[in-house]
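Read through the structure below, which is laid out as structure tokens, and then see the notes.
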Amino acid sequence: MKKLMLPVIMILSCMLCQGHRIRCKDPSEEHLRQKYQRLSPESLLLSKTDYVPDVKMKRCPTSVNVSSELMQDRSISPWSYRINKDMNRYPQEIVEAYCLCKGCVTSKESSMVSEPFYREVPVLYKSSKCKKSRYVYKLRSIRIAQFCICRFH
């Protein structure tokens with residue numbers, strides 16, 4: 001009988017432990033937004049409404065589009081935008097620039113290159129820690145391309 005009791009007790013204790021295991025959930029969008037604004041009030045939340053990402057990737061134009069209202073089309077180092085997505089970050093989607101050309105549109109020189117200009121942007125990243133059954137998000141900075149410029153290489 002004693003030999004039978006030990007396995008039964010072990011099974012029951014495991015079942016009880018699993019019943020008390022805390023399942024961690026993501027905080028609400030509103031909670032993350034408020035935390036982001038509180039921790040980084042000077043930062044700009046890069047909203048998708050400020051810049052329009054491409055539906056399909058654009059190609060390098062043969063000349064500068066002087067009639068366009070968009071600065072990225074009138075530049076000698078034209079760029080466009082795409083979504084940088086990370087499900088473990090807030091905001092999950094950030095609009096990021098990408099260069100359309102290897103060189104500069106008006107320059108025939110091979111010594112000119114088009115390259116992204118980066119800025120450090122504060123974001124919240126999900127940690128593996130759980131507090132009050134919610135994942136803890138920590139403030140970090142990431143580099144996001146803002147636009148493209150021409151330079152000698």
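The way I read the labels, and the way they are meant: chains A, B, ... in the order of the structure tokens, residue 1 as the first residue of every chain, and ligand 1 as the first ligand shown, with later ones counted on from there.
For Cys104 in chain A, the residues within 7 Å (counting only C-alpha atoms, excluding itself and residues fewer than 4 positions away along the chain) are Ile76, Ser77, Met112, Val113, Ser114 and Cys150 of chain A.
Between Tyr118 in chain A and the candidates A:Phe147, A:Tyr135, A:Trp79, A:Tyr36, the tightest atom-to-atom separation, counting only C-alpha atoms, involves A:Phe147.
Distance-wise, CA of Leu70 in chain A and CA of Ser141 in chain A end up 28.0 Å apart.
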For this session: Could you tell me which of A:Val95, A:Tyr90, A:Asn65, A:Ile144 comes closest to Ser127 in chain A if we count only C-alpha atoms?
Result: A:Tyr90
I'd like the neighbourhood of Leu100 in chain A as an mmCIF file with N, CA and C atoms, in the first residue's frame, where a residue qualifies if any of its atoms comes within 8 Å (using only C-alpha atoms), though same-chain residues fewer than 4 positions away should be ignored.
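Wrote it out as selection_30.cif, contents follow:
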```cif
data_model
loop_
_atom_site.group_PDB
_atom_site.id
_atom_site.type_symbol
_atom_site.label_atom_id
_atom_site.label_comp_id
_atom_site.auth_asym_id
_atom_site.auth_seq_id
_atom_site.Cartn_x
_atom_site.Cartn_y
_atom_site.Cartn_z
ATOM 1 N N LYS A 58 9.227 49.795 -54.604
ATOM 2 C CA LYS A 58 9.507 50.678 -55.737
ATOM 3 C C LYS A 58 10.906 50.423 -56.270
ATOM 4 N N ARG A 59 11.168 50.935 -57.471
ATOM 5 C CA ARG A 59 12.481 50.802 -58.089
ATOM 6 C C ARG A 59 13.120 52.171 -58.257
ATOM 7 N N CYS A 60 14.407 52.143 -58.564
ATOM 8 C CA CYS A 60 15.165 53.378 -58.758
ATOM 9 C C CYS A 60 14.667 54.109 -60.008
ATOM 10 N N PRO A 61 14.285 55.394 -59.873
ATOM 11 C CA PRO A 61 13.850 56.150 -61.051
ATOM 12 C C PRO A 61 15.054 56.568 -61.913
ATOM 13 N N SER A 77 18.570 61.255 -53.961
ATOM 14 C CA SER A 77 18.711 59.950 -53.316
ATOM 15 C C SER A 77 17.309 59.508 -52.882
ATOM 16 N N PRO A 78 16.458 59.143 -53.854
ATOM 17 C CA PRO A 78 15.057 58.862 -53.533
ATOM 18 C C PRO A 78 14.890 57.643 -52.619
ATOM 19 N N TRP A 79 13.840 57.696 -51.825
ATOM 20 C CA TRP A 79 13.536 56.597 -50.914
ATOM 21 C C TRP A 79 12.043 56.379 -50.876
ATOM 22 N N SER A 80 11.675 55.296 -50.239
ATOM 23 C CA SER A 80 10.275 55.000 -50.000
ATOM 24 C C SER A 80 10.174 54.379 -48.614
#
```
Exercise. Counting only C-alpha atoms, what is within 7 Å of range 22-35 of chain A, bar same-chain residues fewer than 6 positions away, as JSON, numbers by chain?
Worked result: {"A": [130, 133, 134, 135]}
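On the backbone of this structure, DSSP gives helix (DSSP H, G or I) within range 15-141 of chain A to Met15, Leu16, Cys17, Gln18, Gly19, Glu29, Glu30, His31, Leu32, Arg33, Gln34, Lys35, Tyr36, Gln37, Arg38, Leu39, Met71, Gln72, Asp73 and Arg74 of chain A.
Using only C-alpha atoms for every distance, the candidate list A:Lys131, A:Arg151, A:Arg119, A:Leu124 yields A:Leu124 as the residue closest to Pro91 in chain A.
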For this session: For range 84-86 of chain A, list every protein, DNA or RNA residue within 8 Å, evaluated using only C-alpha atoms, and leave out those in the same chain fewer than 3 positions away; present the list as a list in words.
Result: Arg89, Gln92, Glu93, Ile94, Val95 and Glu96 of chain A
For this session: Please measure the separation of CA of Ile149 in chain A and CA of Thr62 in chain A, giving the value in Å to one decimal.
Result: 16.7 Å
